[in-house]
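The data block below is upload37.tsv; it holds TSV, C-alpha atoms and all ligand atoms.
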```tsv
chain	number	residue	atom	x	y	z
U	1	MET	CA	-80.44	59.51	-187.06
U	2	ASN	CA	-78.41	59.73	-183.91
U	3	GLU	CA	-75.58	62.11	-183.10
U	4	THR	CA	-72.93	59.64	-184.30
U	5	PHE	CA	-74.58	59.43	-187.73
U	6	TRP	CA	-74.13	63.17	-188.33
U	7	ARG	CA	-70.69	63.49	-186.72
U	8	GLU	CA	-69.42	60.66	-188.93
U	9	LYS	CA	-70.93	62.33	-192.01
U	10	TRP	CA	-68.84	65.40	-191.25
U	11	GLN	CA	-65.71	63.37	-190.46
U	12	ARG	CA	-66.06	61.57	-193.82
U	13	ASN	CA	-66.89	64.85	-195.55
U	14	GLU	CA	-70.15	63.34	-196.83
U	15	ILE	CA	-71.92	66.68	-196.87
U	16	GLY	CA	-73.93	66.64	-200.09
U	17	PHE	CA	-76.45	68.96	-198.39
U	18	HIS	CA	-73.85	71.74	-198.20
U	19	GLU	CA	-74.40	74.27	-200.99
U	20	ASP	CA	-71.62	76.17	-202.71
U	21	GLN	CA	-73.53	79.43	-202.77
U	22	PRO	CA	-76.12	81.16	-200.58
U	23	ASN	CA	-79.50	79.53	-201.09
U	24	PRO	CA	-81.49	81.55	-203.67
U	25	LEU	CA	-84.73	80.85	-201.81
U	26	LEU	CA	-83.25	82.64	-198.79
U	27	THR	CA	-81.89	85.58	-200.72
U	28	ARG	CA	-85.16	85.94	-202.66
U	29	HIS	CA	-87.63	85.56	-199.80
U	30	LEU	CA	-86.01	86.79	-196.60
U	31	PRO	CA	-87.15	90.39	-197.32
U	32	THR	CA	-90.75	89.13	-196.98
U	33	LEU	CA	-90.18	88.92	-193.23
U	34	GLY	CA	-89.48	92.67	-193.15
U	35	LEU	CA	-86.66	92.41	-190.63
U	36	PRO	CA	-84.82	95.53	-189.53
U	37	GLU	CA	-81.06	95.80	-190.03
U	38	GLY	CA	-79.23	94.11	-187.19
U	39	ALA	CA	-82.07	91.66	-186.52
U	40	ARG	CA	-80.90	88.36	-184.99
U	41	ILE	CA	-81.63	85.30	-187.09
U	42	PHE	CA	-81.44	81.75	-185.73
U	43	LEU	CA	-80.41	78.84	-187.95
U	44	PRO	CA	-81.19	75.48	-186.35
U	45	LEU	CA	-78.97	72.57	-187.50
U	46	CYS	CA	-76.86	75.08	-189.39
U	47	GLY	CA	-73.87	73.08	-190.63
U	48	LYS	CA	-71.35	75.49	-192.14
U	49	SER	CA	-73.88	76.96	-194.51
U	50	LEU	CA	-72.85	79.83	-196.79
U	51	ASP	CA	-76.23	81.29	-195.87
U	52	ILE	CA	-74.54	82.37	-192.63
U	53	HIS	CA	-71.90	84.30	-194.61
U	54	TRP	CA	-74.63	85.96	-196.67
U	55	LEU	CA	-76.75	86.93	-193.64
U	56	LEU	CA	-73.73	88.49	-191.92
U	57	GLU	CA	-72.94	90.42	-195.11
U	58	GLN	CA	-76.51	91.78	-195.09
U	59	GLY	CA	-75.90	93.23	-191.62
U	60	PHE	CA	-77.86	90.63	-189.62
U	61	ASP	CA	-76.69	88.99	-186.42
U	62	VAL	CA	-76.66	85.22	-186.67
U	63	ALA	CA	-77.14	82.49	-184.10
U	64	GLY	CA	-77.03	78.80	-184.91
U	65	ILE	CA	-76.66	75.34	-183.50
U	66	GLU	CA	-74.83	72.40	-184.99
U	67	LEU	CA	-73.95	68.97	-183.61
U	68	SER	CA	-70.60	68.68	-185.33
U	69	GLU	CA	-67.75	70.72	-183.87
U	70	LEU	CA	-65.77	69.99	-187.05
U	71	ALA	CA	-68.47	71.78	-189.07
U	72	VAL	CA	-68.34	74.79	-186.76
U	73	GLU	CA	-64.54	74.94	-186.89
U	74	GLN	CA	-64.74	74.86	-190.69
U	75	LEU	CA	-67.40	77.60	-190.66
U	76	PHE	CA	-65.15	79.97	-188.72
U	77	THR	CA	-62.11	79.09	-190.82
U	78	GLU	CA	-64.06	79.78	-194.02
U	79	LEU	CA	-65.33	83.05	-192.57
U	80	ASP	CA	-61.71	83.86	-191.66
U	81	VAL	CA	-62.81	84.72	-188.13
U	82	THR	CA	-61.23	83.58	-184.88
U	83	PRO	CA	-63.94	82.48	-182.44
U	84	ARG	CA	-64.09	83.00	-178.70
U	85	ILE	CA	-64.98	79.56	-177.33
U	86	SER	CA	-66.81	78.94	-174.06
U	87	ASP	CA	-68.89	76.25	-172.39
U	88	VAL	CA	-72.59	77.06	-171.98
U	89	GLY	CA	-74.61	74.45	-170.08
U	90	LYS	CA	-74.31	71.18	-172.01
U	91	LEU	CA	-73.10	73.02	-175.08
U	92	ARG	CA	-70.05	74.84	-176.35
U	93	CYS	CA	-70.39	78.28	-177.91
U	94	TYR	CA	-68.26	79.71	-180.72
U	95	GLU	CA	-68.67	83.48	-180.84
U	96	ALA	CA	-67.48	86.47	-182.81
U	97	ASP	CA	-68.98	89.89	-183.48
U	98	GLY	CA	-72.58	89.34	-184.58
U	99	LEU	CA	-72.20	85.56	-184.64
U	100	CYS	CA	-72.92	82.89	-182.04
U	101	ILE	CA	-72.87	79.20	-182.97
U	102	PHE	CA	-73.62	76.55	-180.37
U	103	VAL	CA	-72.08	73.13	-180.71
U	104	GLY	CA	-74.32	70.32	-179.52
U	105	ASN	CA	-77.82	68.93	-179.74
U	106	ILE	CA	-80.60	71.45	-180.34
U	107	PHE	CA	-82.71	69.67	-177.71
U	108	ASP	CA	-80.10	70.73	-175.10
U	109	LEU	CA	-80.33	74.42	-176.06
U	110	THR	CA	-82.52	76.57	-173.80
U	111	GLU	CA	-84.29	79.84	-174.53
U	112	THR	CA	-82.02	81.62	-172.02
U	113	GLU	CA	-78.83	80.29	-173.59
U	114	LEU	CA	-80.00	81.19	-177.09
U	115	GLY	CA	-81.12	84.69	-176.17
U	116	PRO	CA	-83.62	86.85	-178.09
U	117	VAL	CA	-84.27	85.87	-181.68
U	118	ASP	CA	-86.08	87.99	-184.30
U	119	ALA	CA	-86.50	85.28	-186.91
U	120	VAL	CA	-85.74	81.66	-187.73
U	121	TYR	CA	-84.37	80.34	-191.01
U	122	ASP	CA	-84.83	76.58	-191.35
U	123	ARG	CA	-83.25	75.06	-194.43
U	124	ALA	CA	-82.51	71.32	-194.34
U	125	ALA	CA	-83.17	71.16	-190.59
U	126	LEU	CA	-86.79	69.95	-190.15
U	127	VAL	CA	-86.32	67.69	-193.18
U	128	ALA	CA	-83.06	66.30	-191.76
U	129	LEU	CA	-84.92	64.68	-188.87
U	130	PRO	CA	-86.89	61.42	-188.94
U	131	GLU	CA	-90.64	61.62	-188.48
U	132	GLU	CA	-90.56	60.48	-184.86
U	133	MET	CA	-88.39	63.50	-183.94
U	134	ARG	CA	-90.05	66.19	-186.04
U	135	ARG	CA	-92.97	67.14	-183.78
U	136	ALA	CA	-90.66	67.45	-180.76
U	137	TYR	CA	-88.23	69.51	-182.86
U	138	ALA	CA	-90.97	71.89	-184.02
U	139	SER	CA	-92.28	72.35	-180.46
U	140	HIS	CA	-88.79	72.88	-179.04
U	141	LEU	CA	-87.90	75.35	-181.80
U	142	MET	CA	-91.01	77.42	-181.05
U	143	ALA	CA	-90.27	77.30	-177.32
U	144	ILE	CA	-86.65	78.47	-177.50
U	145	THR	CA	-87.34	81.21	-180.07
U	146	ASN	CA	-90.57	82.41	-178.48
U	147	ALA	CA	-92.28	81.49	-181.77
U	148	ALA	CA	-90.31	84.00	-183.84
U	149	PRO	CA	-91.36	84.54	-187.47
U	150	ALA	CA	-89.67	82.10	-189.81
U	151	LEU	CA	-88.65	81.22	-193.32
U	152	LEU	CA	-88.89	77.45	-193.71
U	153	VAL	CA	-87.71	75.45	-196.71
U	154	CYS	CA	-89.12	71.92	-196.94
U	155	LEU	CA	-88.79	69.13	-199.46
U	156	GLU	CA	-91.57	66.97	-200.86
U	157	TYR	CA	-91.01	63.77	-202.80
U	158	ASP	CA	-92.17	60.17	-202.93
U	159	GLN	CA	-90.69	58.80	-199.69
U	160	SER	CA	-91.08	55.23	-200.99
U	161	ARG	CA	-88.50	56.00	-203.71
U	162	ARG	CA	-85.64	56.56	-201.27
U	163	PRO	CA	-85.08	56.73	-197.52
U	164	GLY	CA	-84.09	60.00	-195.88
U	165	PRO	CA	-82.40	62.12	-194.86
U	166	PRO	CA	-83.50	64.44	-196.24
U	167	PHE	CA	-87.07	63.38	-195.52
U	168	SER	CA	-90.20	64.43	-197.35
U	169	VAL	CA	-92.27	66.84	-195.27
U	170	ASP	CA	-95.51	67.76	-197.01
U	171	ASP	CA	-97.85	70.71	-196.50
U	172	ALA	CA	-100.21	68.81	-194.20
U	173	GLU	CA	-97.36	67.91	-191.86
U	174	VAL	CA	-96.08	71.48	-191.70
U	175	ARG	CA	-99.61	72.61	-190.84
U	176	ARG	CA	-99.91	69.96	-188.11
U	177	TYR	CA	-96.87	71.35	-186.34
U	178	TYR	CA	-97.17	75.06	-186.92
U	179	ASP	CA	-100.68	76.11	-187.94
U	180	LYS	CA	-101.88	76.84	-184.39
U	181	THR	CA	-99.08	79.30	-183.75
U	182	PHE	CA	-98.38	80.79	-187.18
U	183	HIS	CA	-100.12	82.10	-190.26
U	184	LEU	CA	-98.52	79.83	-192.83
U	185	THR	CA	-98.05	81.01	-196.39
U	186	CYS	CA	-96.51	78.81	-199.04
U	187	ILE	CA	-94.82	81.37	-201.26
U	188	GLU	CA	-93.02	79.16	-203.74
U	189	LYS	CA	-92.88	75.48	-204.69
U	190	PRO	CA	-90.17	75.09	-207.31
U	191	ASP	CA	-88.86	71.77	-208.65
U	192	LEU	CA	-85.62	70.82	-206.97
U	193	VAL	CA	-83.08	71.20	-209.75
U	194	GLY	CA	-81.79	67.75	-210.71
U	195	GLY	CA	-84.30	66.02	-208.41
U	196	LEU	CA	-83.32	64.41	-205.14
U	197	LYS	CA	-79.75	63.19	-205.59
U	198	GLY	CA	-80.78	62.25	-209.14
U	199	ALA	CA	-83.03	59.50	-207.72
U	200	CYS	CA	-86.48	61.05	-208.01
U	201	PRO	CA	-88.23	64.36	-208.67
U	202	ALA	CA	-88.75	66.60	-205.67
U	203	LEU	CA	-90.28	69.94	-204.84
U	204	GLU	CA	-88.84	72.57	-202.56
U	205	ILE	CA	-91.51	74.30	-200.54
U	206	VAL	CA	-90.92	77.74	-199.12
U	207	TRP	CA	-93.04	78.79	-196.16
U	208	ILE	CA	-93.36	82.15	-194.51
U	209	MET	CA	-94.44	81.69	-190.90
U	210	GLU	CA	-95.89	84.73	-189.17
U	211	PRO	CA	-97.01	84.50	-185.53
U	212	ARG	CA	-100.77	84.63	-185.01
U	213	ALA	CA	-101.80	87.46	-182.75
U	214	ASP	CA	-104.11	85.06	-180.91
U	215	ALA	CA	-101.63	82.14	-180.76
U	216	ALA	CA	-101.87	79.86	-177.75
O	1	LIG	C1	-78.91	68.32	-193.71
O	1	LIG	S1	-77.72	69.17	-192.78
O	1	LIG	C2	-78.18	70.87	-193.12
O	1	LIG	C3	-77.14	71.87	-192.69
O	1	LIG	C4	-77.50	73.33	-193.05
O	1	LIG	N1	-78.79	73.72	-192.54
O	1	LIG	C5	-77.41	73.57	-194.52
O	1	LIG	O1	-78.39	74.04	-195.11
O	1	LIG	O2	-76.32	73.32	-195.11
O	1	LIG	C6	-78.29	68.91	-191.13
O	1	LIG	C7	-77.27	69.33	-190.10
O	1	LIG	O3	-77.86	69.23	-188.80
O	1	LIG	C8	-76.91	68.71	-187.89
O	1	LIG	N2	-77.74	68.08	-186.84
O	1	LIG	C9	-78.47	66.94	-186.96
O	1	LIG	N3	-79.17	66.70	-185.84
O	1	LIG	C10	-78.90	67.73	-184.99
O	1	LIG	C11	-79.33	68.06	-183.67
O	1	LIG	N4	-80.18	67.26	-183.00
O	1	LIG	N5	-78.87	69.20	-183.10
O	1	LIG	C12	-78.00	70.00	-183.78
O	1	LIG	N6	-77.54	69.74	-185.03
O	1	LIG	C13	-77.98	68.62	-185.64
O	1	LIG	C14	-76.04	67.79	-188.70
O	1	LIG	O4	-74.76	67.60	-188.16
O	1	LIG	C15	-76.00	68.49	-190.06
O	1	LIG	O5	-74.90	69.35	-190.17
```
Would you write out, as structure tokens, the structure that this file holds?
Ligand SMILES: C[S@@+](CC[C@H](N)C(=O)[O-])C[C@H]1O[C@@H](n2cnc3c(N)ncnc32)[C@H](O)[C@@H]1O
Amino acid sequence: MNETFWREKWQRNEIGFHEDQPNPLLTRHLPTLGLPEGARIFLPLCGKSLDIHWLLEQGFDVAGIELSELAVEQLFTELDVTPRISDVGKLRCYEADGLCIFVGNIFDLTETELGPVDAVYDRAALVALPEEMRRAYASHLMAITNAAPALLVCLEYDQSRRPGPPFSVDDAEVRRYYDKTFHLTCIEKPDLVGGLKGACPALEIVWIMEPRADAA
């Protein structure tokens, strides 16, 4: 899954992952993190998700990163907001009040460029990446967010039934990446409505990730 793969998906409007309403797992479970009003939430690999609209409406600040500039342009158009655009290191940054979306590869985003983050919301980000990239992604995400608490939504299905993305990321794999740094609680494991693109049954797995006091 290289950068061209995703940019072409956006150019061809092949964005089946994009939901037409805020994700109910976010709206139901974000309060579990107990964030104060105005907290800054980071969405890695954010697309033009309506979750961003919802978080802004709740009074949160939002930061995100997305490879496709087309996606980010569409996000701001759909929000009806005119961005201020600047170059930041290897990335471009689209900003408005309470909103900062970087355009580029998450592996090029530094902790300094991102700024302080109170929480992470990962939906369709970890599972968008092939296995050989996922450990590096998880480590980088913890590094640039200073291991902020997180709400993580994963998918689990029989990977032999269809290739990703999205990829199946089971409980053991999540624990391999995050268990040293976070208390991990699986708070819900509903069936994915309609299965995975109608091809096979799948579970969505919702994790609350709270930093361990004694984390390395
Ligand atoms: C499956 S989509 C999920 C988008 C969004 N989280 C949502 O829920 O609608 C994955 C997104 O990550 C972007 N992406 C993939 N690899 C990336 C990377 N290395 N850095 C930044 N964005 C990336 C893709 O362009 C795509 O929009």
Residues near Leu79 (chain U), cut-off 12 Å, only C-alpha atoms, skip fewer than 3 positions along chain, as a PyMOL selection string:
chain U and resi 48-54+56-57+72-76+82-83+96-97+99
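Our summary of the geometry notes that CA of Leu25 (chain U) is positioned 16.2 Å from CA of Gly195 (chain U).
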Near-ligand residues for ligand LIG 1 (chain O), threshold 8 Å, all atoms listed in the file, as a PyMOL selection string:
chain U and resi 1-3+6-7+9-10+15+17-19+43-51+65-68+71+103-107+122-125+127-129+165-166
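Closest to Leu151 (chain U) among U:Leu35, U:Leu203, U:Leu26, U:Leu126 is U:Leu26, based on all atoms listed in the file.
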Could you tell me which of U:Ala199, U:Glu131, U:Lys189, U:Thr110 comes closest to Val169 (chain U) if we count all atoms listed in the file?
U:Glu131
Quick one, how far is CA of Glu210 (chain U) from CA of Leu184 (chain U)?
6.7 Å
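Shortest separation to Lys197 (chain U) among U:His183, U:Arg176, U:Arg161, U:Arg12 occurs at residue U:Arg161, atoms counted being all atoms listed in the file.
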